[in-house]
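Let me begin by presenting the structure, written as structure tokens, before commenting on it.
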Amino acid sequence: MKYFLILLFVIPAYSQCPEVMPEGTICLTRSAAQKAVETAKELDATKVQLKTEQQAFADLLKEFNNQRVINAEQAGRIIELEKNAVEDRAEKELLLKSVKKQCKFFSICLF
């Protein structure tokens with residue numbers, strides 16, 4: 001619709017603009033009308049591109065937050081495994097200390 005209105009002003013623009021324009025009207029040359037149409041098209045394209053980039057940014061932010069959650073879960077699992085390893089070592093040391101060698105005098109101990 002806006003292109004149609006601009007074209008309505010372009011057609012009479014081939015003639016010269018009068019010296020004094022009636023109030024509320026403007027004289028629009030063909031080149032100015034073409035530039036206005038190009039600017040409107042660029043503006044529309046820029047709006048579409050902006051929406052696309054905003055959606056891509058929102059998707060990346062969502063994926064980033066998901067990766068943070070996954071990273072926190074993995075870190076928790078690693079901490080749990082390290083804790084289990086420490087407990088296992090402590091239990092092993094306790095068992096080794098509690099077992100005493102029972103060797104008789106002048107005998108050979110195998111363990």
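Letters for chains follow the order of the structure tokens (A, B, ...), residue numbers begin at 1 for each chain, and ligand numbers begin at 1 in the order shown.
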As a ChimeraX atom specification, please: all residues of segment 11-110 of chain A that backbone DSSP puts in helix (DSSP H, G or I). /A:11-14,30-98
Grab the residues selected above and save them as a JSON list (two decimals), in the first residue's frame with C-alpha atoms.
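The resulting file, result17.json, is reproduced below:
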[["chain", "number", "residue", "atom", "x", "y", "z"],
["A", 11, "ILE", "CA", 3.76, 9.88, -11.77],
["A", 12, "PRO", "CA", 3.07, 13.62, -11.58],
["A", 13, "ALA", "CA", 6.71, 14.22, -10.66],
["A", 14, "TYR", "CA", 7.74, 14.09, -14.32],
["A", 30, "ARG", "CA", 11.43, 10.39, -9.22],
["A", 31, "SER", "CA", 14.88, 9.85, -7.73],
["A", 32, "ALA", "CA", 13.65, 10.76, -4.25],
["A", 33, "ALA", "CA", 10.73, 8.35, -4.61],
["A", 34, "GLN", "CA", 13.03, 5.54, -5.78],
["A", 35, "LYS", "CA", 15.34, 6.20, -2.86],
["A", 36, "ALA", "CA", 12.37, 6.10, -0.47],
["A", 37, "VAL", "CA", 11.24, 2.75, -1.91],
["A", 38, "GLU", "CA", 14.77, 1.31, -1.60],
["A", 39, "THR", "CA", 15.07, 2.60, 1.96],
["A", 40, "ALA", "CA", 11.72, 1.02, 2.86],
["A", 41, "LYS", "CA", 12.83, -2.31, 1.39],
["A", 42, "GLU", "CA", 16.13, -2.14, 3.28],
["A", 43, "LEU", "CA", 14.27, -1.32, 6.49],
["A", 44, "ASP", "CA", 11.98, -4.32, 6.06],
["A", 45, "ALA", "CA", 14.94, -6.60, 5.34],
["A", 46, "THR", "CA", 16.78, -5.25, 8.38],
["A", 47, "LYS", "CA", 13.76, -5.93, 10.59],
["A", 48, "VAL", "CA", 13.55, -9.52, 9.36],
["A", 49, "GLN", "CA", 17.28, -9.99, 9.89],
["A", 50, "LEU", "CA", 17.04, -8.52, 13.40],
["A", 51, "LYS", "CA", 14.22, -10.92, 14.34],
["A", 52, "THR", "CA", 16.22, -13.85, 12.98],
["A", 53, "GLU", "CA", 19.33, -12.83, 14.91],
["A", 54, "GLN", "CA", 17.35, -12.29, 18.11],
["A", 55, "GLN", "CA", 15.83, -15.77, 17.79],
["A", 56, "ALA", "CA", 19.27, -17.28, 17.14],
["A", 57, "PHE", "CA", 20.64, -15.47, 20.20],
["A", 58, "ALA", "CA", 17.76, -16.74, 22.34],
["A", 59, "ASP", "CA", 18.39, -20.29, 21.10],
["A", 60, "LEU", "CA", 22.11, -20.01, 21.86],
["A", 61, "LEU", "CA", 21.38, -18.65, 25.34],
["A", 62, "LYS", "CA", 19.01, -21.54, 26.01],
["A", 63, "GLU", "CA", 21.60, -24.07, 24.81],
["A", 64, "PHE", "CA", 24.29, -22.37, 26.93],
["A", 65, "ASN", "CA", 22.12, -22.69, 30.03],
["A", 66, "ASN", "CA", 21.45, -26.35, 29.23],
["A", 67, "GLN", "CA", 25.19, -26.97, 28.89],
["A", 68, "ARG", "CA", 25.79, -25.26, 32.26],
["A", 69, "VAL", "CA", 23.31, -27.65, 33.89],
["A", 70, "ILE", "CA", 24.96, -30.65, 32.24],
["A", 71, "ASN", "CA", 28.39, -29.37, 33.32],
["A", 72, "ALA", "CA", 27.20, -29.00, 36.93],
["A", 73, "GLU", "CA", 25.81, -32.55, 36.90],
["A", 74, "GLN", "CA", 29.10, -33.93, 35.56],
["A", 75, "ALA", "CA", 31.09, -31.98, 38.16],
["A", 76, "GLY", "CA", 28.87, -33.45, 40.88],
["A", 77, "ARG", "CA", 29.50, -36.95, 39.58],
["A", 78, "ILE", "CA", 33.27, -36.35, 39.49],
["A", 79, "ILE", "CA", 33.23, -35.09, 43.08],
["A", 80, "GLU", "CA", 31.22, -38.14, 44.16],
["A", 81, "LEU", "CA", 33.70, -40.49, 42.45],
["A", 82, "GLU", "CA", 36.66, -38.74, 44.09],
["A", 83, "LYS", "CA", 34.93, -39.03, 47.47],
["A", 84, "ASN", "CA", 34.36, -42.74, 46.89],
["A", 85, "ALA", "CA", 38.01, -43.20, 45.93],
["A", 86, "VAL", "CA", 39.14, -41.51, 49.16],
["A", 87, "GLU", "CA", 36.77, -43.68, 51.19],
["A", 88, "ASP", "CA", 38.03, -46.81, 49.44],
["A", 89, "ARG", "CA", 41.66, -45.90, 50.16],
["A", 90, "ALA", "CA", 40.87, -45.22, 53.80],
["A", 91, "GLU", "CA", 39.04, -48.53, 54.10],
["A", 92, "LYS", "CA", 41.93, -50.36, 52.44],
["A", 93, "GLU", "CA", 44.47, -48.78, 54.81],
["A", 94, "LEU", "CA", 42.30, -49.67, 57.80],
["A", 95, "LEU", "CA", 42.05, -53.29, 56.70],
["A", 96, "LEU", "CA", 45.79, -53.52, 56.03],
["A", 97, "LYS", "CA", 46.60, -52.13, 59.47],
["A", 98, "SER", "CA", 44.16, -54.40, 61.22]]
